[in-house]
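Just below is one structure, and these are the notes that go with it.
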Amino acid sequence: MNATAQPARRQLNSPPVPPSPFPYNPGSLLSVQDLSLEAVSHILARANALEGMDPLVRARILAKRRVALLFYESSTRTRTSFELAAKGLGADTTLVSSLSSSIEKGETLKDTGLTLRALGAEAIILRHNSSGAPWLLEQSTHLPVLNAGDGMHEHPTQALLDLRTILQHLRPGAESVAADTLSGVTVTIVGDIFHSRVARSNMLLLPRLGARVLLCGPKELLPEIAPTAGPGIAIERDFEAALRQSQVVMMLRIQAERLAGMQIDLDQYKASYQLTGQRLAALAPQAVVLHPGPIIRGLELTAGVADGPQSAILEQVRNGVAIRMAVVERALATHGGRA
């Protein structure tokens, strides 16, 4: 199911719903477009507060609440940080993967979601290989659904943790955001943008805060029609020209699992788009280097850059726990009763 073709809401016996049909549950986070800048500011402020809280006090916030992690795709950072975030707030978690459940036998997403709700899950964190799956799950269960990545569509919490990392480096101390918070900042996103839900969520979020987003990559991985998310986005094919303009450089891996027969000359790709220490020192010596992971060292960037002083890659990983604590708290704070 494609996210742009959102299913109609049931017509009979429906409770009152907000003017926009999605998200159904106010605690859901399906897209960064669900969030006003005020809501983004609240998440950033809560992430800071929760991160600095006494762990024993924090663990009482969602004590014994039930959160299900439903993962149809492999994940290290997202799954682990969501699980640690929920447990850090005191919630009980259960992990359901496609290889260790009835999903392997052909059970539908709807039936899996309804089963989790019947078992007492109060929120579901979903990663799925089909764009739009979180919308279907939310409509089916009416539970808060947190989108942990849907196909090639979006990854909203990754964009939020990327934003927190950028703010820590370029706007230290900032907790709230406005339309001009990142005015004058150019963020270059490099690599396999066509297949990247991370790129898409950042393209939808960062320009709303005043950032300029440059997309950089070969035509196979960045079609000319790619920048359709709104103003503040442009394509720059010349990587070195993009670097000269950048305060933030976000490197993406080539998603081999999604190429579907597309042939990429890796030697040519590295010559044109690999971030090396030499390029970084010469063209963007102050830029912050980001990568959502997993990193393919020696392809999109060198080991020296990944481990170097300009790299904020592990900071992104750490920020993931704080941001996801705030998002999980938000989900269950607006879902007071048991399902």
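Please note that chains go A, B, ... in the order of the structure tokens, that every chain numbers its residues from 1, and that ligands are numbered from 1 in the order shown.
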
| said: What parts of range 91-300 of chain A does DSSP call strand (DSSP E or B)? I'd like the answer as a PyMOL selection string. | reply: chain A and resi 92-97+123-128+145-150+154+186-190+212-216+233-235+248-251+275+288-290+297

Any chance you could tabulate, as a Markdown table, the residues of range 104-216 of chain A at most 12 Å from range 273-281 of chain A with each one's nearest atom pair and distance in Å to one decimal, using only C-alpha atoms, in chain and rising number order?
```
| residue | atom | partner | partner_atom | distance |
| --- | --- | --- | --- | --- |
| A:Thr188 | CA | A:Leu275 | CA | 11.9 |
| A:Ile189 | CA | A:Tyr273 | CA | 10.9 |
| A:Val190 | CA | A:Tyr273 | CA | 7.4 |
| A:Gly191 | CA | A:Tyr273 | CA | 7.2 |
| A:Asp192 | CA | A:Tyr273 | CA | 10.6 |
| A:Leu215 | CA | A:Tyr273 | CA | 11.8 |
| A:Cys216 | CA | A:Tyr273 | CA | 8.2 |
```

Those same residues - N, CA and C atoms - I'd like them written as a compact mmCIF listing (two decimals), in the first residue's frame.
```txt
# COMPACT_ATOMS: atom_id res chain seq x y z
N THR A 188 23.82 18.97 2.99
CA THR A 188 23.95 18.19 1.77
C THR A 188 23.74 16.71 2.08
N ILE A 189 22.83 16.10 1.35
CA ILE A 189 22.54 14.67 1.50
C ILE A 189 23.07 13.98 0.25
N VAL A 190 23.94 12.98 0.45
CA VAL A 190 24.72 12.42 -0.65
C VAL A 190 24.49 10.92 -0.76
N GLY A 191 24.23 10.46 -2.00
CA GLY A 191 24.20 9.02 -2.22
C GLY A 191 22.89 8.52 -2.80
N ASP A 192 22.40 7.43 -2.23
CA ASP A 192 21.23 6.73 -2.76
C ASP A 192 19.96 7.39 -2.22
N LEU A 215 20.74 17.96 -2.61
CA LEU A 215 20.76 16.53 -2.88
C LEU A 215 21.85 16.26 -3.90
N CYS A 216 22.68 15.26 -3.63
CA CYS A 216 23.85 15.02 -4.47
C CYS A 216 23.99 13.53 -4.73
```

| field | 6 Å contact set for range 161-176 of chain A, only C-alpha atoms, chain neighbours under 4 positions out, as a ChimeraX atom specification | value | /A:41,44-45,319-320

| request: Could you give me, as a PyMOL selection string, each residue of range 41-91 of chain A that DSSP assigns to alpha helix (DSSP H) when run on this structure's backbone? | output: chain A and resi 41-51+55-58+77-88

| field | Surrounding residues of range 240-246 of chain A excluding itself and chain neighbours under 4 positions, 6 Å, only C-alpha atoms, as a list in words | value |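 Neighbouring residues, sequence-local ones excluded: Thr186, Val187, Leu283 and Ala284 of chain A.
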
Take the residues that were just selected and, keeping C-alpha atoms, output them as a PDB file, in the first residue's frame.
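selection03.pdb was written with the following content:
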```
ATOM      1  CA  THR A 186      23.113  24.091   4.075  1.00  0.00           C
ATOM      2  CA  VAL A 187      22.661  20.359   4.606  1.00  0.00           C
ATOM      3  CA  LEU A 283      36.319  21.687   0.965  1.00  0.00           C
ATOM      4  CA  ALA A 284      34.363  21.488   4.239  1.00  0.00           C
TER       5      ALA A 284
END
```

| said: Applying 7 Å and only C-alpha atoms, which residues near Ala91 in chain A remain after dropping the ones on its own chain fewer than 6 positions away? List them as a VMD selection string. | reply: chain A and resid 62 to 67

Residue selection dump (N, CA and C atoms) as a PDB file, in the first residue's frame:
```
ATOM      1  N   LEU A  62       6.290   5.255  32.523  1.00  0.00           N
ATOM      2  CA  LEU A  62       5.428   4.313  31.791  1.00  0.00           C
ATOM      3  C   LEU A  62       5.514   2.913  32.406  1.00  0.00           C
ATOM      4  N   ALA A  63       5.620   2.864  33.726  1.00  0.00           N
ATOM      5  CA  ALA A  63       5.802   1.572  34.394  1.00  0.00           C
ATOM      6  C   ALA A  63       4.688   0.597  34.020  1.00  0.00           C
ATOM      7  N   LYS A  64       5.107  -0.557  33.504  1.00  0.00           N
ATOM      8  CA  LYS A  64       4.239  -1.691  33.165  1.00  0.00           C
ATOM      9  C   LYS A  64       3.286  -1.404  32.009  1.00  0.00           C
ATOM     10  N   ARG A  65       3.471  -0.305  31.295  1.00  0.00           N
ATOM     11  CA  ARG A  65       2.723  -0.124  30.050  1.00  0.00           C
ATOM     12  C   ARG A  65       3.305  -1.073  29.006  1.00  0.00           C
ATOM     13  N   ARG A  66       2.542  -1.403  27.985  1.00  0.00           N
ATOM     14  CA  ARG A  66       2.945  -2.446  27.041  1.00  0.00           C
ATOM     15  C   ARG A  66       3.158  -1.878  25.639  1.00  0.00           C
ATOM     16  N   VAL A  67       4.350  -2.122  25.125  1.00  0.00           N
ATOM     17  CA  VAL A  67       4.739  -1.631  23.803  1.00  0.00           C
ATOM     18  C   VAL A  67       5.212  -2.810  22.965  1.00  0.00           C
TER      19      VAL A  67
END
```

| message | Using only C-alpha atoms for the distances, tell me which of A:Gly120, A:Gly304, A:Gly88, A:Pro218 is nearest to Glu236 in chain A. | response |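 So, comparing all the options, the nearest one is A:Pro218.
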
| task | Might you pull out every residue within 12 Å of Leu221 in chain A, with only C-alpha atoms counted and same-chain residues fewer than 6 positions away left off, and present them as a VMD selection string? | result | chain A and resid 189 to 196 199 215 235 237 252 to 256 258 to 259 262 to 265 269 273

Would you mind exporting C-alpha atoms of the selected residues as a PDB file, in the first residue's frame?
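What follows is the written file part25.pdb:
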```pdb
ATOM      1  CA  ILE A 189      22.539  14.666   1.496  1.00  0.00           C
ATOM      2  CA  VAL A 190      24.720  12.421  -0.650  1.00  0.00           C
ATOM      3  CA  GLY A 191      24.201   9.017  -2.225  1.00  0.00           C
ATOM      4  CA  ASP A 192      21.228   6.729  -2.757  1.00  0.00           C
ATOM      5  CA  ILE A 193      18.518   9.320  -2.272  1.00  0.00           C
ATOM      6  CA  PHE A 194      15.948   7.626  -4.508  1.00  0.00           C
ATOM      7  CA  HIS A 195      15.620   4.658  -2.129  1.00  0.00           C
ATOM      8  CA  SER A 196      16.178   6.565   1.122  1.00  0.00           C
ATOM      9  CA  ALA A 199      16.532  11.476   3.016  1.00  0.00           C
ATOM     10  CA  LEU A 215      20.762  16.530  -2.877  1.00  0.00           C
ATOM     11  CA  ILE A 235      20.085  19.092  -6.779  1.00  0.00           C
ATOM     12  CA  ARG A 237      25.521  16.760  -9.061  1.00  0.00           C
ATOM     13  CA  LEU A 252      23.914   7.527   2.646  1.00  0.00           C
ATOM     14  CA  ARG A 253      24.799   3.971   1.739  1.00  0.00           C
ATOM     15  CA  ILE A 254      23.808   2.400  -1.557  1.00  0.00           C
ATOM     16  CA  GLN A 255      20.827   0.210  -0.652  1.00  0.00           C
ATOM     17  CA  ALA A 256      21.753  -2.910  -2.603  1.00  0.00           C
ATOM     18  CA  ARG A 258      16.415  -2.183  -3.203  1.00  0.00           C
ATOM     19  CA  LEU A 259      18.324  -1.760  -6.478  1.00  0.00           C
ATOM     20  CA  MET A 262      20.057  -1.507 -11.316  1.00  0.00           C
ATOM     21  CA  GLN A 263      23.764  -1.552 -12.176  1.00  0.00           C
ATOM     22  CA  ILE A 264      26.063   0.885 -10.376  1.00  0.00           C
ATOM     23  CA  ASP A 265      29.752   1.228 -11.233  1.00  0.00           C
ATOM     24  CA  TYR A 269      30.719   6.074  -7.673  1.00  0.00           C
ATOM     25  CA  TYR A 273      30.878  10.726  -4.394  1.00  0.00           C
TER      26      TYR A 273
END
```

Can you list, as a short mmCIF file (atom, residue, chain, number, x, y, z; two decimals) with C-alpha atoms, in the first residue's frame, every protein, DNA or RNA residue that comes within 12 Å of Pro294 in chain A when you count only C-alpha atoms, leaving out same-chain residues fewer than 6 positions away?
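The new file result32.cif reads:
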```cif
data_model
loop_
_atom_site.label_atom_id
_atom_site.label_comp_id
_atom_site.auth_asym_id
_atom_site.auth_seq_id
_atom_site.Cartn_x
_atom_site.Cartn_y
_atom_site.Cartn_z
CA SER A 74 16.28 -6.16 9.89
CA SER A 75 17.46 -3.34 12.13
CA THR A 76 20.16 -2.67 14.69
CA ARG A 77 20.06 1.01 15.64
CA THR A 78 16.35 1.73 15.28
CA MET A 251 26.21 10.38 3.68
CA LEU A 252 23.91 7.53 2.65
CA ARG A 253 24.80 3.97 1.74
CA ILE A 254 23.81 2.40 -1.56
CA GLN A 255 20.83 0.21 -0.65
CA GLU A 300 30.32 6.11 0.69
CA LEU A 301 32.97 7.33 3.13
CA ALA A 306 33.77 7.87 9.95
CA ILE A 313 27.66 9.43 13.64
CA LEU A 314 27.78 7.92 17.12
CA VAL A 317 22.99 6.83 17.63
#
```

| Do you have the CA of Asn202 in chain A-CA of Ala178 in chain A distance handy? |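 These atoms are spaced 15.7 Å apart.
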
| said: Measuring between only C-alpha atoms, which one of A:Ser97, A:Gln286, A:Thr157, A:Ser272 shows the shortest distance to Gln33 in chain A? | reply: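 Closest residue, counting only C-alpha atoms: A:Thr157.
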
| task | Considering only C-alpha atoms, state which residue in the set A:Ser31, A:Thr80, A:Asn25, A:Ser98 is at the smallest distance from Thr141 in chain A. | result | A:Asn25

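Here CA of Tyr72 in chain A is placed at a distance of 25.1 Å from CA of Leu35 in chain A.
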
| request: Work out how far CA of Ala47 in chain A is from CA of Phe71 in chain A, in Å to one decimal. | output: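 A separation of 23.7 Å between them.
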
What are the nearest atom pairs, with distances in Å to one decimal, for all residues of range 217-321 of chain A that come at most 12 Å from range 179-182 of chain A, using only C-alpha atoms, set out by chain and rising residue number as a Markdown table?
```
| residue | atom | partner | partner_atom | distance |
| --- | --- | --- | --- | --- |
| A:Gly232 | CA | A:Leu182 | CA | 11.5 |
| A:Gln247 | CA | A:Leu182 | CA | 10.6 |
| A:Val248 | CA | A:Leu182 | CA | 11.2 |
```

C-alpha atoms of the current selection, written as an mmCIF file, in the first residue's frame:
```cif
data_model
loop_
_atom_site.group_PDB
_atom_site.id
_atom_site.type_symbol
_atom_site.label_atom_id
_atom_site.label_comp_id
_atom_site.auth_asym_id
_atom_site.auth_seq_id
_atom_site.Cartn_x
_atom_site.Cartn_y
_atom_site.Cartn_z
ATOM 1 C CA GLY A 232 14.547 24.934 -0.024
ATOM 2 C CA GLN A 247 27.696 23.039 7.112
ATOM 3 C CA VAL A 248 26.304 19.501 7.400
#
```
